[in-house]
Amino acid sequence: MSSAETPSEVDLLIVGAGPTGLFAAYYAGFRELSTAVVDSLPEAGGQVTAMYPEKKIFDVAGFPVVLGRDLVSALVEQADQFKPTYLLGRRARTVSEVDGRFEVGLDGGTVVRTGAILITAGMGEFTPRPLPAGDGWLGRGVVNFVPELEALRGQDVVIVGGGDSAFDWALSLHPIAKSVTLVHRRNKFRAFAATVRQVRELGVPIITDAQVVELRGGEADRLAEVELDVNGEADPVVLPAQTVVAALGFTADLGPIESWGLEITRRAVAVDTTMRTDREGIYAAGDIAAYPGKVKLIATGFGEAATAVNNIAVALNPEAHLFPGHSSDVS
């Protein structure tokens with residue numbers, strides 16, 4: 001992965017280094033475009049790296065199952081064939097047009113000139129929703145994500161939430177933790193029914209209609225137990241817990257992208273069938289791109305990235321072919 005000095009000019013600037021952005025970086029290189037990738041996070045991989053590097057992903061073509069970190073590693077290796085420049089821990093803040101090209105202002109006043117922009121920023125900048133009773137416990141037993149499953153080996157773990165992330169963490173931690181208990185404030189779940197069934201079949205206790213009301217510490221002021229208020233129970237329920245995973249979702253903010261003069265609906269950027277926004281020269285792909293019938297999957301983002309890059313190649317060079325040929329035909 002190249003993280004050299006900020007280039008003064010590239011053919012394509014990709015905003016977002018998640019799976020879609022990484023595949024776009026590979027494909028741009030395949031189309032012989034010089035490319036830079038900017039992301040506010042300090043590592044490539046976007047939300048996959050930041051939120052669930054150890055989670056198993058089942059819906060990427062060609063992989064019956066792949067860990068998030070392994071998928072990101074493979075995508076980086078694939079893109080590195082063409083040596084894109086990564087500008088990590090940086091934000092793309094402003095976009096202006098000068099002499100037929102874009103000037104993108106980054107943090108610190110640095111400017112990158114580019115012929116086109118591809119936004120692959122997922123859901124934008126995200127902030128985990130806090131656990132109300134966990135105030136003051138973040139980093140002392142409460143976590144929002146689990147970067148390394150092994151760190152929780154042999155622990156009593158309480159997972160709070162009813163969505164896909166909560167149940168995915170339960171599946172991943174069950175063979176590692178001493179105990180896993182899932183707590184949800186309602187008796188219905190947002191998670192996929194098949195995942196809920198898998199967790200139940202493993203015998204993971206699921207406590208519904210329950211709220212975490214207090215966290216208590218033990219030695220070294222680390223978390224030791226969790227108290228629950230369970231509907232229908234006269235007395236509080238107390239569970240041993242060295243870690244609480246607060247899988248309560250997150251809020252997303254498109255940040256500076258909202259000021260770039262694009263059509264935005266429900267925190268997503270509207271695109272046409274070429275993945276172009278309503279501003280010529282700016283495209284979007286992945287979760288941030290919106291069009292009728294959109295399905296937000298990693299697999300969808302890969303296809304959108306290829307569509308966007310091929311159309312960008314023609315926009316930058318009208319003599320280029322939209323269809324690049326098959327990669328298997330390239331020696």
# chains A, B, ... in the order shown; residues from 1 in each chain; ligands from 1
$ residues_around --residues "Ala44 in chain A" --least-positions-apart "4" --cutoff "12 Å" --atoms "only C-alpha atoms" --output "JSON, numbers by chain"
{"A": [1, 2, 3, 15, 16, 17, 18, 19, 20, 21, 22, 23, 25, 37, 38, 39, 40, 48, 49, 50, 53, 68, 69, 71, 72, 73, 74, 75, 76, 77, 79, 85, 86, 87, 88, 89, 90, 121]}
$ select_by_dssp --residues "range 98-191 of chain A" --states "strand (DSSP E)" --output "VMD selection string"
chain A and resid 98 101 to 106 111 to 119 125 to 128 142 to 143 156 to 160 179 to 183
$ residues_around --residues "Glu150 in chain A" --least-positions-apart "4" --cutoff "9 Å" --atoms "only C-alpha atoms" --output "ChimeraX atom specification"
/A:154,173,176-177
$ write_last_selection --atoms "all heavy atoms" --output "PDB file, in the first residue's frame"
ATOM      1  N   GLY A 154     -12.391 -16.503  27.058  1.00  0.00           N
ATOM      2  CA  GLY A 154     -12.560 -16.864  28.465  1.00  0.00           C
ATOM      3  C   GLY A 154     -13.357 -15.870  29.280  1.00  0.00           C
ATOM      4  O   GLY A 154     -13.483 -16.035  30.500  1.00  0.00           O
ATOM      5  N   LEU A 173     -18.466 -14.935  18.963  1.00  0.00           N
ATOM      6  CA  LEU A 173     -17.884 -15.035  20.296  1.00  0.00           C
ATOM      7  C   LEU A 173     -18.241 -16.320  21.030  1.00  0.00           C
ATOM      8  O   LEU A 173     -17.553 -16.714  21.973  1.00  0.00           O
ATOM      9  CB  LEU A 173     -18.320 -13.829  21.142  1.00  0.00           C
ATOM     10  CG  LEU A 173     -17.693 -12.494  20.742  1.00  0.00           C
ATOM     11  CD1 LEU A 173     -18.413 -11.340  21.425  1.00  0.00           C
ATOM     12  CD2 LEU A 173     -16.207 -12.471  21.088  1.00  0.00           C
ATOM     13  N   ILE A 176     -15.506 -18.780  21.750  1.00  0.00           N
ATOM     14  CA  ILE A 176     -14.309 -18.198  22.357  1.00  0.00           C
ATOM     15  C   ILE A 176     -14.553 -17.765  23.801  1.00  0.00           C
ATOM     16  O   ILE A 176     -13.736 -18.014  24.692  1.00  0.00           O
ATOM     17  CB  ILE A 176     -13.826 -16.996  21.517  1.00  0.00           C
ATOM     18  CG1 ILE A 176     -13.297 -17.486  20.165  1.00  0.00           C
ATOM     19  CG2 ILE A 176     -12.752 -16.195  22.256  1.00  0.00           C
ATOM     20  CD1 ILE A 176     -12.918 -16.378  19.218  1.00  0.00           C
ATOM     21  N   ALA A 177     -15.681 -17.116  24.048  1.00  0.00           N
ATOM     22  CA  ALA A 177     -15.973 -16.567  25.366  1.00  0.00           C
ATOM     23  C   ALA A 177     -16.379 -17.671  26.349  1.00  0.00           C
ATOM     24  O   ALA A 177     -16.804 -18.760  25.951  1.00  0.00           O
ATOM     25  CB  ALA A 177     -17.077 -15.518  25.267  1.00  0.00           C
TER      26      ALA A 177
END
$ atom_distance --atom1 "CA of Lys56 in chain A" --atom2 "CA of Ala28 in chain A"
27.8 Å
$ closest_residue --among "A:Arg101, A:His321, A:His174, A:Arg267" --to "Gly124 in chain A" --atoms "only C-alpha atoms"
A:Arg267
$ residues_around --residues "Thr243 in chain A" --least-positions-apart "6" --cutoff "6 Å" --atoms "only C-alpha atoms" --output "MDAnalysis selection string"
chainID A and resid 141:142 157
$ write_last_selection --atoms "all heavy atoms" --output "mmCIF file, in the first residue's frame"
data_model
loop_
_atom_site.group_PDB
_atom_site.id
_atom_site.type_symbol
_atom_site.label_atom_id
_atom_site.label_comp_id
_atom_site.auth_asym_id
_atom_site.auth_seq_id
_atom_site.Cartn_x
_atom_site.Cartn_y
_atom_site.Cartn_z
ATOM 1 N N GLY A 141 -14.561 -1.925 29.868
ATOM 2 C CA GLY A 141 -15.452 -3.081 29.866
ATOM 3 C C GLY A 141 -16.556 -2.966 28.834
ATOM 4 O O GLY A 141 -17.131 -3.972 28.410
ATOM 5 N N VAL A 142 -16.870 -1.738 28.415
ATOM 6 C CA VAL A 142 -17.869 -1.526 27.376
ATOM 7 C C VAL A 142 -17.161 -1.217 26.060
ATOM 8 O O VAL A 142 -16.269 -0.373 26.017
ATOM 9 C CB VAL A 142 -18.832 -0.370 27.740
ATOM 10 C CG1 VAL A 142 -19.772 -0.062 26.578
ATOM 11 C CG2 VAL A 142 -19.646 -0.734 28.982
ATOM 12 N N VAL A 157 -19.440 -12.425 28.432
ATOM 13 C CA VAL A 157 -19.758 -11.313 27.540
ATOM 14 C C VAL A 157 -21.261 -11.128 27.462
ATOM 15 O O VAL A 157 -22.011 -12.091 27.255
ATOM 16 C CB VAL A 157 -19.192 -11.561 26.122
ATOM 17 C CG1 VAL A 157 -19.533 -10.389 25.206
ATOM 18 C CG2 VAL A 157 -17.683 -11.770 26.168
#
